[in-house]
$ cat target-v3.txt   # compact mmCIF, C-alpha atoms and all ligand atoms
# COMPACT_ATOMS: atom_id res chain seq x y z
CA MET A 1 59.96 100.19 56.80
CA GLY A 2 61.46 96.71 56.49
CA VAL A 3 64.50 98.12 58.25
CA LEU A 4 62.60 97.91 61.58
CA LYS A 5 62.69 94.15 61.27
CA ASP A 6 66.37 93.99 60.43
CA THR A 7 67.51 93.12 63.95
CA GLY A 8 70.99 92.14 62.94
CA ALA A 9 70.41 89.14 65.21
CA ILE A 10 72.00 85.85 64.30
CA GLU A 11 69.20 83.68 65.56
CA TYR A 12 66.18 83.83 67.86
CA SER A 13 66.32 81.54 70.89
CA LYS A 14 63.32 81.59 73.22
CA GLY A 15 64.48 81.98 76.81
CA LEU A 16 68.02 82.43 75.41
CA GLU A 17 68.31 78.63 75.34
CA GLY A 18 71.76 77.57 74.20
CA VAL A 19 73.00 81.16 73.87
CA ILE A 20 76.54 81.81 75.13
CA ALA A 21 76.35 85.22 76.81
CA ALA A 22 79.71 85.33 78.63
CA LEU A 23 83.08 83.69 79.06
CA SER A 24 83.52 82.33 82.57
CA SER A 25 85.98 80.22 84.51
CA ILE A 26 83.78 79.90 87.61
CA SER A 27 81.80 76.71 87.04
CA ALA A 28 80.74 74.29 84.34
CA ILE A 29 77.84 71.90 83.94
CA ASP A 30 77.75 68.79 81.79
CA GLY A 31 74.02 68.42 81.38
CA ASN A 32 74.18 65.06 79.63
CA GLU A 33 76.56 63.40 82.06
CA GLY A 34 75.11 65.11 85.16
CA LYS A 35 78.38 66.70 86.22
CA LEU A 36 79.08 70.02 87.91
CA ILE A 37 82.47 71.54 88.69
CA TYR A 38 83.37 74.73 90.56
CA ARG A 39 86.70 76.10 89.25
CA GLY A 40 87.41 72.59 87.93
CA ILE A 41 86.67 70.74 91.19
CA PRO A 42 83.80 68.22 91.09
CA ILE A 43 80.91 69.16 93.32
CA GLU A 44 81.08 65.72 94.99
CA MET A 45 84.63 66.46 96.23
CA LEU A 46 83.61 69.84 97.59
CA ALA A 47 80.57 68.33 99.32
CA LYS A 48 82.82 65.73 100.90
CA TYR A 49 85.84 67.77 101.92
CA SER A 50 85.14 71.50 101.72
CA SER A 51 83.20 74.04 103.79
CA TYR A 52 80.96 76.85 102.58
CA GLU A 53 83.61 79.43 103.50
CA GLU A 54 86.32 77.59 101.59
CA THR A 55 84.03 77.09 98.58
CA ALA A 56 83.08 80.78 98.69
CA TYR A 57 86.76 81.71 98.61
CA LEU A 58 87.35 79.31 95.71
CA LEU A 59 84.47 80.80 93.72
CA LEU A 60 85.41 84.42 94.43
CA TYR A 61 89.19 84.23 94.08
CA GLY A 62 89.66 81.32 91.67
CA ASP A 63 91.78 78.94 93.79
CA LEU A 64 91.44 76.96 96.99
CA PRO A 65 92.80 79.08 99.87
CA THR A 66 95.88 78.23 101.91
CA ARG A 67 95.25 77.73 105.65
CA GLU A 68 96.21 81.38 106.34
CA GLU A 69 94.02 82.69 103.53
CA LEU A 70 91.06 80.65 104.72
CA ASP A 71 91.52 81.79 108.32
CA GLU A 72 91.64 85.40 107.23
CA PHE A 73 88.64 85.05 104.91
CA SER A 74 86.59 83.24 107.58
CA SER A 75 87.33 85.83 110.23
CA GLN A 76 86.41 88.61 107.78
CA MET A 77 83.10 86.85 107.08
CA ARG A 78 82.47 86.47 110.82
CA GLU A 79 83.16 90.15 111.54
CA LEU A 80 80.91 91.30 108.73
CA ARG A 81 77.91 89.23 109.90
CA ILE A 82 76.85 91.92 112.30
CA LEU A 83 74.18 94.22 110.91
CA PRO A 84 74.43 97.99 111.37
CA LYS A 85 71.96 98.98 114.13
CA LYS A 86 69.70 100.84 111.68
CA VAL A 87 69.48 97.77 109.42
CA GLU A 88 68.78 95.52 112.43
CA ASP A 89 65.99 97.86 113.55
CA CYS A 90 64.54 97.97 110.06
CA VAL A 91 64.54 94.15 109.76
CA LYS A 92 62.80 93.85 113.14
CA GLU A 93 60.14 96.38 112.12
CA LEU A 94 59.27 94.85 108.76
CA PRO A 95 55.74 93.43 108.57
CA PRO A 96 55.38 89.72 109.51
CA ASN A 97 53.21 88.63 106.59
CA PRO A 98 55.10 89.22 103.30
CA HIS A 99 57.07 86.38 101.81
CA PRO A 100 60.59 86.44 103.32
CA MET A 101 62.06 86.75 99.80
CA ASP A 102 60.36 90.15 99.55
CA ILE A 103 61.75 91.04 102.95
CA LEU A 104 65.23 89.98 101.80
CA LYS A 105 65.01 92.28 98.77
CA VAL A 106 64.10 95.24 100.97
CA ALA A 107 66.66 94.45 103.67
CA VAL A 108 69.59 93.90 101.27
CA ALA A 109 68.75 97.19 99.53
CA HIS A 110 68.53 98.91 102.91
CA ALA A 111 71.82 97.40 104.12
CA GLY A 112 73.51 98.83 101.02
CA LEU A 113 72.77 102.36 102.27
CA TYR A 114 74.92 101.74 105.36
CA ASP A 115 77.76 99.99 103.56
CA PRO A 116 80.93 101.94 104.38
CA ASP A 117 82.35 100.81 101.04
CA GLN A 118 79.22 101.86 99.14
CA TYR A 119 81.01 104.19 96.74
CA ARG A 120 84.32 102.32 96.53
CA CYS A 121 85.09 100.88 93.13
CA CYS A 122 88.60 99.53 93.78
CA ARG A 123 88.98 95.74 93.87
CA GLU A 124 89.43 95.60 97.68
CA GLY A 125 86.40 97.82 98.25
CA VAL A 126 84.23 95.75 95.92
CA MET A 127 85.42 92.52 97.55
CA ARG A 128 84.59 93.87 101.01
CA LYS A 129 81.11 94.85 99.80
CA VAL A 130 80.64 91.38 98.32
CA ILE A 131 81.81 89.56 101.46
CA ARG A 132 79.69 91.86 103.61
CA ILE A 133 76.53 90.98 101.64
CA ILE A 134 77.29 87.23 101.73
CA ALA A 135 77.92 87.49 105.49
CA GLN A 136 74.88 89.65 106.25
CA ILE A 137 72.17 87.76 104.34
CA PRO A 138 71.97 84.92 106.94
CA THR A 139 71.72 87.47 109.76
CA ILE A 140 68.91 89.29 107.94
CA ILE A 141 66.96 86.05 107.39
CA ALA A 142 67.39 84.81 110.97
CA TYR A 143 66.64 88.18 112.60
CA TYR A 144 63.53 88.63 110.50
CA HIS A 145 62.28 85.17 111.37
CA ARG A 146 62.88 85.64 115.10
CA ALA A 147 61.19 89.07 115.05
CA ARG A 148 58.13 87.94 113.07
CA THR A 149 57.59 85.05 115.47
CA GLY A 150 57.89 87.31 118.52
CA GLN A 151 61.25 85.90 119.67
CA GLU A 152 64.33 87.78 120.79
CA ILE A 153 66.95 88.05 118.09
CA VAL A 154 70.07 85.94 118.59
CA PRO A 155 73.28 87.80 117.61
CA PRO A 156 75.85 85.91 115.54
CA ASP A 157 78.33 83.72 117.39
CA GLN A 158 81.84 84.48 116.14
CA ASN A 159 83.00 81.01 117.16
CA LEU A 160 80.68 79.27 114.73
CA GLY A 161 81.11 78.69 111.01
CA HIS A 162 78.73 80.16 108.43
CA ALA A 163 76.27 77.25 108.35
CA ALA A 164 76.25 76.51 112.10
CA ASN A 165 75.90 80.18 112.94
CA PHE A 166 72.81 80.54 110.77
CA LEU A 167 71.09 77.62 112.49
CA TYR A 168 72.12 79.08 115.84
CA MET A 169 70.72 82.53 115.04
CA LEU A 170 67.52 80.95 113.72
CA HIS A 171 66.83 78.50 116.55
CA GLY A 172 68.57 80.18 119.48
CA LYS A 173 70.56 77.04 120.25
CA LYS A 174 73.73 75.64 118.79
CA PRO A 175 73.13 72.89 116.23
CA ASP A 176 74.83 69.56 116.72
CA GLU A 177 77.90 69.04 114.57
CA GLU A 178 76.23 66.64 112.19
CA GLU A 179 73.31 68.96 111.45
CA ALA A 180 75.62 71.90 110.94
CA ARG A 181 77.71 69.84 108.52
CA ILE A 182 74.69 68.68 106.50
CA PHE A 183 73.51 72.28 106.21
CA ASP A 184 77.02 73.36 105.22
CA ILE A 185 76.95 70.77 102.41
CA ALA A 186 73.54 72.01 101.24
CA LEU A 187 74.98 75.55 101.06
CA ILE A 188 78.00 74.32 99.05
CA LEU A 189 75.68 72.57 96.60
CA HIS A 190 73.63 75.74 96.07
CA ALA A 191 76.56 78.18 95.94
CA GLU A 192 76.99 78.47 92.18
CA HIS A 193 75.41 77.30 88.95
CA GLY A 194 76.52 79.24 85.92
CA LEU A 195 74.25 81.68 84.13
CA ASN A 196 70.97 80.67 85.76
CA ALA A 197 68.20 83.31 85.73
CA SER A 198 69.14 85.01 89.01
CA THR A 199 72.87 85.14 88.24
CA PHE A 200 72.11 86.49 84.80
CA ALA A 201 69.79 89.11 86.35
CA ALA A 202 72.64 90.20 88.64
CA MET A 203 75.03 90.37 85.68
CA VAL A 204 72.62 92.41 83.56
CA THR A 205 72.24 94.95 86.36
CA ALA A 206 75.98 95.06 87.03
CA SER A 207 76.76 95.41 83.32
CA THR A 208 75.25 98.92 83.40
CA LEU A 209 77.96 99.70 86.00
CA SER A 210 75.33 99.89 88.72
CA ASP A 211 76.40 98.77 92.22
CA ILE A 212 76.74 95.28 93.70
CA ASN A 213 73.78 95.72 96.07
CA SER A 214 71.49 96.53 93.15
CA ALA A 215 72.81 93.47 91.32
CA ILE A 216 72.09 91.21 94.31
CA VAL A 217 68.62 92.71 94.76
CA SER A 218 67.89 91.96 91.08
CA ALA A 219 69.07 88.39 91.64
CA ILE A 220 66.90 87.91 94.73
CA GLY A 221 63.87 89.04 92.72
CA ALA A 222 64.67 86.54 89.98
CA LEU A 223 65.37 83.66 92.36
CA LYS A 224 61.99 84.06 94.05
CA GLY A 225 60.00 82.68 91.10
CA PRO A 226 58.62 79.11 91.22
CA LEU A 227 60.46 78.12 88.04
CA HIS A 228 63.74 78.94 89.80
CA GLY A 229 64.52 79.01 93.54
CA GLY A 230 60.88 79.21 94.58
CA ALA A 231 60.41 75.56 93.57
CA ASN A 232 61.89 74.09 96.80
CA GLU A 233 59.14 75.47 99.01
CA ARG A 234 56.46 74.27 96.61
CA VAL A 235 57.84 70.72 96.59
CA LEU A 236 56.98 70.32 100.28
CA LYS A 237 53.52 71.80 99.66
CA MET A 238 53.01 69.18 96.95
CA LEU A 239 54.20 66.36 99.24
CA ASP A 240 51.67 67.50 101.83
CA GLU A 241 48.90 67.66 99.24
CA ILE A 242 49.69 64.11 98.13
CA GLY A 243 49.81 62.86 101.72
CA SER A 244 51.02 59.28 101.16
CA PRO A 245 53.05 57.33 98.55
CA ASP A 246 50.00 55.39 97.30
CA LYS A 247 48.37 58.69 96.20
CA ALA A 248 51.42 59.84 94.22
CA GLU A 249 50.62 58.02 90.98
CA GLU A 250 47.17 59.58 90.61
CA TYR A 251 48.44 63.04 91.57
CA VAL A 252 51.36 63.04 89.13
CA LEU A 253 49.43 61.55 86.20
CA ASN A 254 46.62 64.06 86.70
CA ALA A 255 49.07 66.94 86.88
CA LEU A 256 50.80 65.84 83.69
CA LYS A 257 47.45 65.38 81.93
CA GLU A 258 46.51 68.93 82.92
CA LYS A 259 49.95 70.17 81.74
CA ARG A 260 50.92 71.24 85.25
CA ARG A 261 54.59 71.22 86.29
CA ILE A 262 55.84 68.91 89.00
CA MET A 263 58.06 71.15 91.10
CA GLY A 264 61.65 70.01 91.60
CA PHE A 265 61.86 68.29 88.20
CA GLY A 266 63.37 69.36 84.91
CA HIS A 267 66.21 71.69 84.11
CA ARG A 268 67.30 73.79 81.15
CA VAL A 269 70.79 72.32 81.19
CA TYR A 270 70.59 68.91 82.91
CA LYS A 271 68.98 66.25 80.79
CA THR A 272 69.82 63.63 83.38
CA TYR A 273 69.93 63.42 87.18
CA ASP A 274 71.14 66.68 88.73
CA PRO A 275 74.29 65.72 90.70
CA ARG A 276 73.28 68.08 93.51
CA ALA A 277 69.92 66.31 93.85
CA ARG A 278 71.72 62.98 94.12
CA ILE A 279 73.72 64.20 97.13
CA LEU A 280 70.75 65.93 98.76
CA LYS A 281 68.65 62.79 98.33
CA GLU A 282 71.25 60.82 100.32
CA TYR A 283 70.96 63.31 103.19
CA ALA A 284 67.16 63.40 102.96
CA GLU A 285 67.24 59.59 103.28
CA TYR A 286 69.72 59.71 106.12
CA LEU A 287 67.74 62.28 108.14
CA SER A 288 64.43 60.47 107.49
CA ASP A 289 65.95 57.31 108.99
CA LYS A 290 67.65 59.19 111.81
CA TYR A 291 64.38 60.79 112.90
CA ASN A 292 62.35 57.71 112.00
CA ASP A 293 60.04 59.80 109.85
CA ARG A 294 59.90 58.58 106.25
CA LYS A 295 56.66 60.29 105.29
CA TYR A 296 58.18 62.88 102.93
CA ILE A 297 61.02 60.80 101.54
CA SER A 298 58.72 57.90 100.69
CA ILE A 299 56.34 60.17 98.76
CA GLY A 300 59.31 61.90 97.12
CA GLU A 301 60.85 58.62 95.98
CA LYS A 302 57.53 57.46 94.58
CA ILE A 303 57.15 60.72 92.61
CA GLU A 304 60.69 60.33 91.31
CA GLU A 305 59.95 56.80 90.13
CA ILE A 306 56.77 57.89 88.29
CA MET A 307 58.33 61.02 86.78
CA ILE A 308 61.37 59.13 85.44
CA ARG A 309 59.09 56.45 84.04
CA GLU A 310 56.81 59.06 82.38
CA LEU A 311 59.27 61.80 81.39
CA GLY A 312 62.78 60.39 81.76
CA ASN A 313 62.98 59.94 77.99
CA LYS A 314 62.46 63.72 77.67
CA GLY A 315 65.34 64.39 80.06
CA ILE A 316 63.16 65.27 83.04
CA PHE A 317 64.80 64.21 86.33
CA PRO A 318 64.92 65.56 89.89
CA ASN A 319 66.73 68.88 90.21
CA VAL A 320 68.40 70.50 93.24
CA ASP A 321 65.07 71.74 94.58
CA PHE A 322 63.41 68.33 94.87
CA TYR A 323 65.13 66.88 97.95
CA SER A 324 66.56 70.05 99.54
CA GLY A 325 63.26 70.89 101.25
CA ILE A 326 63.12 67.52 103.02
CA VAL A 327 66.63 68.14 104.35
CA TYR A 328 65.75 71.68 105.47
CA GLN A 329 62.57 70.47 107.14
CA PHE A 330 64.58 68.05 109.32
CA LEU A 331 66.96 70.89 110.18
CA GLY A 332 63.99 72.85 111.52
CA ILE A 333 64.06 75.52 108.83
CA PRO A 334 60.59 76.97 108.22
CA ARG A 335 59.22 76.33 104.76
CA ASP A 336 59.01 79.92 103.61
CA LEU A 337 62.73 80.30 104.41
CA PHE A 338 63.80 77.58 101.95
CA THR A 339 64.19 80.05 99.08
CA PRO A 340 65.91 82.72 101.24
CA VAL A 341 68.34 79.97 102.31
CA PHE A 342 68.95 79.28 98.61
CA ALA A 343 69.67 83.02 98.18
CA MET A 344 72.01 82.95 101.17
CA ALA A 345 74.05 80.19 99.51
CA ARG A 346 73.85 81.50 95.93
CA SER A 347 74.88 85.07 96.88
CA VAL A 348 78.50 83.97 96.37
CA GLY A 349 77.81 82.71 92.83
CA TRP A 350 76.01 85.96 92.01
CA ALA A 351 78.93 88.01 93.32
CA ALA A 352 81.59 85.88 91.62
CA HIS A 353 79.91 86.29 88.22
CA VAL A 354 79.37 90.02 88.70
CA CYS A 355 83.05 90.51 89.60
CA GLU A 356 84.26 88.34 86.73
CA TYR A 357 81.99 89.88 84.11
CA THR A 358 82.55 93.50 85.03
CA GLN A 359 86.32 93.09 84.83
CA ASN A 360 85.86 92.89 81.08
CA ASN A 361 82.47 94.53 80.96
CA ARG A 362 80.11 95.13 78.09
CA ILE A 363 76.53 96.22 78.72
CA PHE A 364 73.95 93.49 78.04
CA ARG A 365 71.64 94.68 75.32
CA PRO A 366 69.94 91.96 73.26
CA ARG A 367 67.28 92.72 70.65
CA ALA A 368 63.72 91.56 70.14
CA TYR A 369 62.43 90.51 66.78
CA TYR A 370 59.64 92.95 65.97
CA THR A 371 56.43 91.10 65.09
CA GLY A 372 54.05 94.09 65.02
CA PRO A 373 52.60 95.91 62.00
CA ASP A 374 54.88 97.96 59.72
CA TYR A 375 52.76 101.09 59.77
CA VAL A 376 49.64 102.21 61.67
CA GLU A 377 48.00 105.59 61.18
CA TYR A 378 47.81 107.70 64.35
CA VAL A 379 44.10 108.23 65.13
CA PRO A 380 43.17 111.26 67.27
CA ILE A 381 41.44 110.18 70.49
CA GLU A 382 38.05 111.72 69.54
CA ASN A 383 37.98 109.58 66.39
CA ARG A 384 38.77 106.29 68.11
CA ARG A 385 36.12 103.63 68.60
N1 LIG B 401 56.95 68.83 85.19
C1 LIG B 401 56.32 68.40 84.07
N2 LIG B 401 56.78 68.62 82.81
C2 LIG B 401 57.92 69.32 82.70
C3 LIG B 401 58.64 69.78 83.82
C4 LIG B 401 58.10 69.51 85.10
N3 LIG B 401 58.71 69.93 86.21
N4 LIG B 401 59.71 70.45 83.41
C5 LIG B 401 59.70 70.41 82.07
N5 LIG B 401 58.62 69.72 81.65
C6 LIG B 401 58.25 69.43 80.25
C7 LIG B 401 57.53 70.61 79.64
O1 LIG B 401 56.13 70.50 79.81
C8 LIG B 401 57.95 70.52 78.20
O2 LIG B 401 57.17 69.52 77.57
P1 LIG B 401 56.67 69.69 76.04
O3 LIG B 401 57.95 69.69 75.23
O4 LIG B 401 55.83 68.50 75.83
O5 LIG B 401 55.94 70.99 75.98
C9 LIG B 401 59.39 69.99 78.27
O6 LIG B 401 59.47 69.30 79.50
C10 LIG B 401 60.45 71.10 78.25
O7 LIG B 401 60.07 72.09 79.21
P2 LIG B 401 60.51 73.61 79.12
O8 LIG B 401 59.61 74.43 79.97
O9 LIG B 401 60.65 74.02 77.69
O10 LIG B 401 61.95 73.54 79.75
P3 LIG B 401 62.80 74.77 80.23
O11 LIG B 401 64.20 74.43 80.04
O12 LIG B 401 62.30 76.03 79.60
O13 LIG B 401 62.43 74.89 81.79
C11 LIG B 401 62.39 74.50 84.10
C12 LIG B 401 63.22 74.41 82.81
C13 LIG B 401 63.27 74.24 85.29
C14 LIG B 401 61.81 75.91 84.23
C15 LIG B 401 61.25 73.47 84.04
O14 LIG B 401 61.78 72.17 83.97
C16 LIG B 401 60.28 73.58 85.20
O15 LIG B 401 59.33 74.37 85.12
N6 LIG B 401 60.49 72.81 86.32
C17 LIG B 401 59.66 72.93 87.50
C18 LIG B 401 60.15 74.06 88.38
C19 LIG B 401 61.46 73.74 89.05
O16 LIG B 401 61.65 72.67 89.62
N7 LIG B 401 62.38 74.70 89.04
C20 LIG B 401 63.70 74.57 89.65
C21 LIG B 401 64.77 74.48 88.61
S1 LIG B 401 66.36 73.91 89.17
C22 LIG B 401 66.93 74.98 90.36
C23 LIG B 401 66.77 76.41 90.07
O17 LIG B 401 67.11 76.91 89.01
O18 LIG B 401 66.28 77.09 90.97

$ encode --input "target-v3.txt" --output "structure tokens" --more "lines below"
Ligand code: CMC
Amino acid sequence: MGVLKDTGAIEYSKGLEGVIAALSSISAIDGNEGKLIYRGIPIEMLAKYSSYEETAYLLLYGDLPTREELDEFSSQMRELRILPKKVEDCVKELPPNPHPMDILKVAVAHAGLYDPDQYRCCREGVMRKVIRIIAQIPTIIAYYHRARTGQEIVPPDQNLGHAANFLYMLHGKKPDEEEARIFDIALILHAEHGLNASTFAAMVTASTLSDINSAIVSAIGALKGPLHGGANERVLKMLDEIGSPDKAEEYVLNALKEKRRIMGFGHRVYKTYDPRARILKEYAEYLSDKYNDRKYISIGEKIEEIMIRELGNKGIFPNVDFYSGIVYQFLGIPRDLFTPVFAMARSVGWAAHVCEYTQNNRIFRPRAYYTGPDYVEYVPIENRR
């Protein structure tokens, strides 16, 4: 029976660490140098000069758009923001208590049923489906939040860009230009990150030749977990628990002694400072000064100092989730929407990888190394004890 253990596998890697599972030209991370590029362009340049729409185009189509291409893409995104009436009604009726990530799963699956391109497999049809999902996720999140808090929904404003429109639909008033721009940058920074767990989940689903909505729903489920996108919300909870910078040392050392994770630190690929965290920290600093409220940033910086002192030699540094929550808090985004906002930004990375992988598709089907017994006699139920 030894044959059962002959997996034909080259090597076992827990959590698929270091395994190359696809060829991709979408993004690359240098985990030792702390660098991230989308289609070759450093993330710092995109944060400085690009917009979420332009970055989305770059990720989906491979090149920066011309002015005409960007205008066309942006107006397509704007048109597709509007939810079909049945989806809008469903979102408004969903119960107020579940975590909004669970609501997002349900609503994206539901929206797929009303997608006019649902059964189209041609490139244009798939692209329209993809752009529709990216455009609709912010509307779903904002409508749900307004409905659960007993407020009238605010329909999308076609004159606003992706980031500004989300804040408008959420708060019912137009954000100032600076806030909209900071949020736009946060979306750019979260848009894509290689074969992270949620992107991989989307690719696995798509590799069976399932549909794009199912792939995105798989990704949302994977992103929700606290080891992935769910970390951002928990960072703020931790900052509240700590309360002030002078309590940070005791909190962190106790947590490490008890082998608890400090949320917003560590990464499978980065063994140095995450470049996205560096940019988000600047904005967290800026907004803390602007609003003269340094409570969270001062605790955050103290935690960072202690963590780097204690675990920097192991390659544990702040990741994208550490400072994003402080930024979102100043933008008035409720805490349980931090991870849905991550999903809203990352939907483009999910879609780009699904489109790229399925163009030269092969179903994902790894093996497990069998560690059970070789042979066990079947015992009839009446003889079992
Ligand atoms: N706090 C304390 N210790 C940590 C942390 C942390 N946040 N992260 C890693 N370590 C330690 C871990 O205990 C282990 O130590 P030892 O070798 O002594 O057992 C070592 O570092 C390696 O950890 P690992 O779990 O093998 O690393 P991984 O690559 O499997 O996990 C991670 C990566 C992100 C899941 C992990 O660092 C973690 O749990 N971080 C906290 C959650 C978090 O912030 N997640 C967001 C990740 S970035 C954005 C995203 O993907 O959404």

$ atom_distance --input "target-v3.txt" --atom1 "CA of Ala163 in chain A" --atom2 "CA of Ala180 in chain A"
6.0 Å

$ atom_distance --input "target-v3.txt" --atom1 "CA of Arg268 in chain A" --atom2 "CA of Leu239 in chain A"
23.5 Å

$ residues_near_ligand --input "target-v3.txt" --ligand "ligand LIG 401 (chain B)" --cutoff "8 Å" --atoms "all atoms listed in the file" --output "ChimeraX atom specification"
/A:15,17,196-197,223,226-232,255-256,259-269,311,314-316,318-322

$ atom_distance --input "target-v3.txt" --atom1 "CA of Arg67 in chain A" --atom2 "CA of Gly161 in chain A"
15.2 Å

$ axis_aligned_box --input "target-v3.txt" --around "range 112-115 of chain A" --padding-each-side "8 Å" --output "lines of an AutoDock Vina configuration file"
center_x = 75.3
center_y = 100.6
center_z = 103.2
size_x = 21.0
size_y = 19.5
size_z = 20.3

$ closest_residue --input "target-v3.txt" --among "A:Asp176, A:Glu72, A:Asp211, A:Asp30" --to "Ile43 in chain A" --atoms "only C-alpha atoms"
A:Asp30

$ closest_residue --input "target-v3.txt" --among "A:Ile326, A:Tyr114, A:Met344, A:Ala147" --to "Val91 in chain A" --atoms "all atoms listed in the file"
A:Ala147

$ closest_residue --input "target-v3.txt" --among "A:Ile26, A:Leu280, A:Ala345, A:Met77" --to "Leu160 in chain A" --atoms "all atoms listed in the file"
A:Met77

$ closest_residue --input "target-v3.txt" --among "A:Pro42, A:Gly349, A:Pro100, A:Gly225" --to "Phe200 in chain A" --atoms "all atoms listed in the file"
A:Gly349

$ closest_residue --input "target-v3.txt" --among "A:Glu53, A:Leu46, A:Asn292, A:Asp240" --to "Arg335 in chain A" --atoms "all atoms listed in the file"
A:Asp240

$ residues_around --input "target-v3.txt" --residues "Gly112 in chain A" --least-positions-apart "3" --cutoff "10 Å" --atoms "all atoms listed in the file" --output "NGL selection string"
:A and (87 or 107-109 or 115-118 or 129 or 132-133 or 211-214)

$ residues_around --input "target-v3.txt" --residues "Ala22 in chain A" --least-positions-apart "4" --cutoff "12 Å" --atoms "all atoms listed in the file" --output "list in words"
Gly18, Ile26, Gly194, Leu195, Thr199, Phe200, Met203, Val204, Ser207, His353, Val354, Glu356, Tyr357, Thr358, Gln359, Asn360, Asn361, Arg362, Ile363 and Phe364 of chain A

$ residues_around --input "target-v3.txt" --residues "Glu44 in chain A" --least-positions-apart "5" --cutoff "12 Å" --atoms "only C-alpha atoms" --output "number ranges by chain"
A: 34-38, 49-50, 185-186, 188-189, 274-280

$ write_last_selection --input "target-v3.txt" --atoms "C-alpha atoms" --output "PDB file, in the coordinates of the input"
ATOM      1  CA  GLY A  34      75.110  65.110  85.160  1.00  0.00           C
ATOM      2  CA  LYS A  35      78.380  66.700  86.220  1.00  0.00           C
ATOM      3  CA  LEU A  36      79.080  70.020  87.910  1.00  0.00           C
ATOM      4  CA  ILE A  37      82.470  71.540  88.690  1.00  0.00           C
ATOM      5  CA  TYR A  38      83.370  74.730  90.560  1.00  0.00           C
ATOM      6  CA  TYR A  49      85.840  67.770 101.920  1.00  0.00           C
ATOM      7  CA  SER A  50      85.140  71.500 101.720  1.00  0.00           C
ATOM      8  CA  ILE A 185      76.950  70.770 102.410  1.00  0.00           C
ATOM      9  CA  ALA A 186      73.540  72.010 101.240  1.00  0.00           C
ATOM     10  CA  ILE A 188      78.000  74.320  99.050  1.00  0.00           C
ATOM     11  CA  LEU A 189      75.680  72.570  96.600  1.00  0.00           C
ATOM     12  CA  ASP A 274      71.140  66.680  88.730  1.00  0.00           C
ATOM     13  CA  PRO A 275      74.290  65.720  90.700  1.00  0.00           C
ATOM     14  CA  ARG A 276      73.280  68.080  93.510  1.00  0.00           C
ATOM     15  CA  ALA A 277      69.920  66.310  93.850  1.00  0.00           C
ATOM     16  CA  ARG A 278      71.720  62.980  94.120  1.00  0.00           C
ATOM     17  CA  ILE A 279      73.720  64.200  97.130  1.00  0.00           C
ATOM     18  CA  LEU A 280      70.750  65.930  98.760  1.00  0.00           C
TER      19      LEU A 280
END

$ build_atoms --input "target-v3.txt" --residues "range 130-142 of chain A" --atoms "N, CA and C atoms" --output "PDB file, in the coordinates of the input"
ATOM      1  N   VAL A 130      81.138  92.708  98.678  1.00  0.00           N
ATOM      2  CA  VAL A 130      80.640  91.380  98.320  1.00  0.00           C
ATOM      3  C   VAL A 130      80.608  90.474  99.560  1.00  0.00           C
ATOM      4  N   ILE A 131      81.719  90.449 100.286  1.00  0.00           N
ATOM      5  CA  ILE A 131      81.810  89.560 101.460  1.00  0.00           C
ATOM      6  C   ILE A 131      80.809  90.020 102.524  1.00  0.00           C
ATOM      7  N   ARG A 132      80.646  91.335 102.622  1.00  0.00           N
ATOM      8  CA  ARG A 132      79.690  91.860 103.610  1.00  0.00           C
ATOM      9  C   ARG A 132      78.268  91.369 103.281  1.00  0.00           C
ATOM     10  N   ILE A 133      77.892  91.428 102.010  1.00  0.00           N
ATOM     11  CA  ILE A 133      76.530  90.980 101.640  1.00  0.00           C
ATOM     12  C   ILE A 133      76.373  89.487 101.924  1.00  0.00           C
ATOM     13  N   ILE A 134      77.375  88.693 101.514  1.00  0.00           N
ATOM     14  CA  ILE A 134      77.290  87.230 101.730  1.00  0.00           C
ATOM     15  C   ILE A 134      77.178  86.943 103.235  1.00  0.00           C
ATOM     16  N   ALA A 135      77.914  87.711 104.033  1.00  0.00           N
ATOM     17  CA  ALA A 135      77.920  87.490 105.490  1.00  0.00           C
ATOM     18  C   ALA A 135      76.631  87.984 106.143  1.00  0.00           C
ATOM     19  N   GLN A 136      76.038  89.038 105.579  1.00  0.00           N
ATOM     20  CA  GLN A 136      74.880  89.650 106.250  1.00  0.00           C
ATOM     21  C   GLN A 136      73.551  88.973 105.911  1.00  0.00           C
ATOM     22  N   ILE A 137      73.461  88.348 104.739  1.00  0.00           N
ATOM     23  CA  ILE A 137      72.170  87.760 104.340  1.00  0.00           C
ATOM     24  C   ILE A 137      71.652  86.758 105.394  1.00  0.00           C
ATOM     25  N   PRO A 138      72.497  85.831 105.912  1.00  0.00           N
ATOM     26  CA  PRO A 138      71.970  84.920 106.940  1.00  0.00           C
ATOM     27  C   PRO A 138      71.457  85.661 108.177  1.00  0.00           C
ATOM     28  N   THR A 139      72.155  86.713 108.570  1.00  0.00           N
ATOM     29  CA  THR A 139      71.720  87.470 109.760  1.00  0.00           C
ATOM     30  C   THR A 139      70.352  88.106 109.493  1.00  0.00           C
ATOM     31  N   ILE A 140      70.203  88.664 108.298  1.00  0.00           N
ATOM     32  CA  ILE A 140      68.910  89.290 107.940  1.00  0.00           C
ATOM     33  C   ILE A 140      67.786  88.253 108.031  1.00  0.00           C
ATOM     34  N   ILE A 141      68.021  87.084 107.427  1.00  0.00           N
ATOM     35  CA  ILE A 141      66.960  86.050 107.390  1.00  0.00           C
ATOM     36  C   ILE A 141      66.604  85.612 108.820  1.00  0.00           C
ATOM     37  N   ALA A 142      67.645  85.318 109.613  1.00  0.00           N
ATOM     38  CA  ALA A 142      67.390  84.810 110.970  1.00  0.00           C
ATOM     39  C   ALA A 142      66.729  85.879 111.845  1.00  0.00           C
TER      40      ALA A 142
END
